[in-house]
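J.: Input: one structure, supplied below.
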Amino acid sequence: MIDKELLDILACPETKEPVHLADQDLIDQLNARIERGEVCNRHGKKVEKKLDGGLVRADGAYLYPIDDGIPIMLIDEAISLR
């Protein structure tokens with residue numbers, strides 16, 4: 001889980017929009033797609049590791065993965081939600 005104070009200051013590195021924690025249903029859906037080999041990040045690399053959680057950009061376009069409690073706020077690591 002991410003600390004509330006940290007979540008309040010995190011923003012998308014591309015657009016500077018705020019981010020919020022992804023709900024578990026979204027994480028479960030993405031993990032099912034990851035298992036089927038259907039998910040790539042913005043860099044075009046297939047995502048192979050299941051997500052612990054994620055931060056969704058305010059416009060809902062991208063999710064930044066959380067790995068071992070650490071948000072990966074790199075544009076190329078973002079996963080498209082559209």
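So you can find residues: chains in the structure tokens are A, B, ... in the order shown, residues in each start at 1, and ligands are numbered from 1 in order.
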Residues at most 12 Å from Gln29 (chain A), counting only C-alpha atoms, excluding those fewer than 4 positions away in the same chain, as a PDB file with N, CA and C atoms, in the first residue's frame?

T.:
ATOM      1  N   ALA A  22      -5.412   2.304  -8.367  1.00  0.00           N
ATOM      2  CA  ALA A  22      -6.312   1.481  -9.177  1.00  0.00           C
ATOM      3  C   ALA A  22      -7.115   0.578  -8.247  1.00  0.00           C
ATOM      4  N   ASP A  23      -8.377   0.343  -8.606  1.00  0.00           N
ATOM      5  CA  ASP A  23      -9.162  -0.581  -7.792  1.00  0.00           C
ATOM      6  C   ASP A  23      -8.753  -2.022  -8.115  1.00  0.00           C
ATOM      7  N   GLN A  24      -9.061  -2.919  -7.208  1.00  0.00           N
ATOM      8  CA  GLN A  24      -8.609  -4.305  -7.340  1.00  0.00           C
ATOM      9  C   GLN A  24      -9.179  -4.981  -8.586  1.00  0.00           C
ATOM     10  N   ASP A  25     -10.409  -4.625  -8.985  1.00  0.00           N
ATOM     11  CA  ASP A  25     -10.993  -5.216 -10.192  1.00  0.00           C
ATOM     12  C   ASP A  25     -10.138  -4.923 -11.418  1.00  0.00           C
ATOM     13  N   ARG A  33      -4.941 -10.457 -18.274  1.00  0.00           N
ATOM     14  CA  ARG A  33      -4.421 -10.154 -19.614  1.00  0.00           C
ATOM     15  C   ARG A  33      -2.905 -10.362 -19.680  1.00  0.00           C
ATOM     16  N   ILE A  34      -2.189 -10.043 -18.593  1.00  0.00           N
ATOM     17  CA  ILE A  34      -0.744 -10.272 -18.534  1.00  0.00           C
ATOM     18  C   ILE A  34      -0.459 -11.769 -18.669  1.00  0.00           C
ATOM     19  N   GLU A  35      -1.236 -12.591 -17.964  1.00  0.00           N
ATOM     20  CA  GLU A  35      -1.061 -14.045 -18.046  1.00  0.00           C
ATOM     21  C   GLU A  35      -1.236 -14.550 -19.479  1.00  0.00           C
ATOM     22  N   ARG A  36      -2.127 -13.916 -20.233  1.00  0.00           N
ATOM     23  CA  ARG A  36      -2.378 -14.314 -21.623  1.00  0.00           C
ATOM     24  C   ARG A  36      -1.390 -13.666 -22.595  1.00  0.00           C
ATOM     25  N   GLU A  38      -1.069 -10.421 -23.284  1.00  0.00           N
ATOM     26  CA  GLU A  38      -1.748  -9.373 -24.054  1.00  0.00           C
ATOM     27  C   GLU A  38      -1.373  -7.944 -23.672  1.00  0.00           C
ATOM     28  N   VAL A  39      -0.498  -7.761 -22.697  1.00  0.00           N
ATOM     29  CA  VAL A  39      -0.232  -6.417 -22.189  1.00  0.00           C
ATOM     30  C   VAL A  39       1.204  -6.004 -22.497  1.00  0.00           C
ATOM     31  N   LYS A  50       3.145 -10.011 -12.943  1.00  0.00           N
ATOM     32  CA  LYS A  50       1.842  -9.561 -12.461  1.00  0.00           C
ATOM     33  C   LYS A  50       1.991  -8.295 -11.625  1.00  0.00           C
ATOM     34  N   LEU A  51       0.953  -7.488 -11.638  1.00  0.00           N
ATOM     35  CA  LEU A  51       0.948  -6.219 -10.917  1.00  0.00           C
ATOM     36  C   LEU A  51       0.541  -6.412  -9.457  1.00  0.00           C
ATOM     37  N   GLY A  53      -0.220  -3.649  -7.841  1.00  0.00           N
ATOM     38  CA  GLY A  53      -1.166  -2.550  -7.801  1.00  0.00           C
ATOM     39  C   GLY A  53      -0.774  -1.570  -8.886  1.00  0.00           C
ATOM     40  N   LEU A  81      -4.643   1.995 -20.778  1.00  0.00           N
ATOM     41  CA  LEU A  81      -5.939   1.457 -20.334  1.00  0.00           C
ATOM     42  C   LEU A  81      -7.014   1.657 -21.387  1.00  0.00           C
TER      43      LEU A  81
END

J.: Can you list, as a ChimeraX atom specification, every protein, DNA or RNA residue that comes within 12 Å of Ile9 (chain A) when you count only C-alpha atoms, leaving out same-chain residues fewer than 6 positions away?

T.: /A:2-3,16-20

J.: Output N, CA and C atoms for every residue in the selection just made, as a PDB file, in the first residue's frame.

T.:
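Output file selection.pdb follows:
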ATOM      1  N   ILE A   2       0.424   2.255  -0.693  1.00  0.00           N
ATOM      2  CA  ILE A   2       1.181   3.501  -0.785  1.00  0.00           C
ATOM      3  C   ILE A   2       0.691   4.478   0.280  1.00  0.00           C
ATOM      4  N   ASP A   3       1.634   5.140   0.905  1.00  0.00           N
ATOM      5  CA  ASP A   3       1.338   6.143   1.912  1.00  0.00           C
ATOM      6  C   ASP A   3       0.490   7.260   1.309  1.00  0.00           C
ATOM      7  N   LYS A  16       1.568  15.715 -15.822  1.00  0.00           N
ATOM      8  CA  LYS A  16       1.498  16.303 -14.471  1.00  0.00           C
ATOM      9  C   LYS A  16       0.106  16.176 -13.853  1.00  0.00           C
ATOM     10  N   GLU A  17      -0.751  15.358 -14.461  1.00  0.00           N
ATOM     11  CA  GLU A  17      -2.071  15.099 -13.879  1.00  0.00           C
ATOM     12  C   GLU A  17      -1.904  14.274 -12.607  1.00  0.00           C
ATOM     13  N   PRO A  18      -2.839  14.431 -11.664  1.00  0.00           N
ATOM     14  CA  PRO A  18      -2.782  13.592 -10.467  1.00  0.00           C
ATOM     15  C   PRO A  18      -3.044  12.128 -10.818  1.00  0.00           C
ATOM     16  N   VAL A  19      -2.662  11.252  -9.914  1.00  0.00           N
ATOM     17  CA  VAL A  19      -2.913   9.823 -10.074  1.00  0.00           C
ATOM     18  C   VAL A  19      -3.662   9.321  -8.847  1.00  0.00           C
ATOM     19  N   HIS A  20      -4.376   8.220  -9.022  1.00  0.00           N
ATOM     20  CA  HIS A  20      -5.071   7.599  -7.891  1.00  0.00           C
ATOM     21  C   HIS A  20      -4.856   6.086  -7.949  1.00  0.00           C
TER      22      HIS A  20
END

J.: Can you tell me, as a ChimeraX atom specification, what residues are no more than 12 Å from region 61-64 of chain A when counting only C-alpha atoms, ignoring any on the same chain fewer than 6 positions away?

T.: /A:10-15,17-23,26-27,30,39-42,51-55,70-82
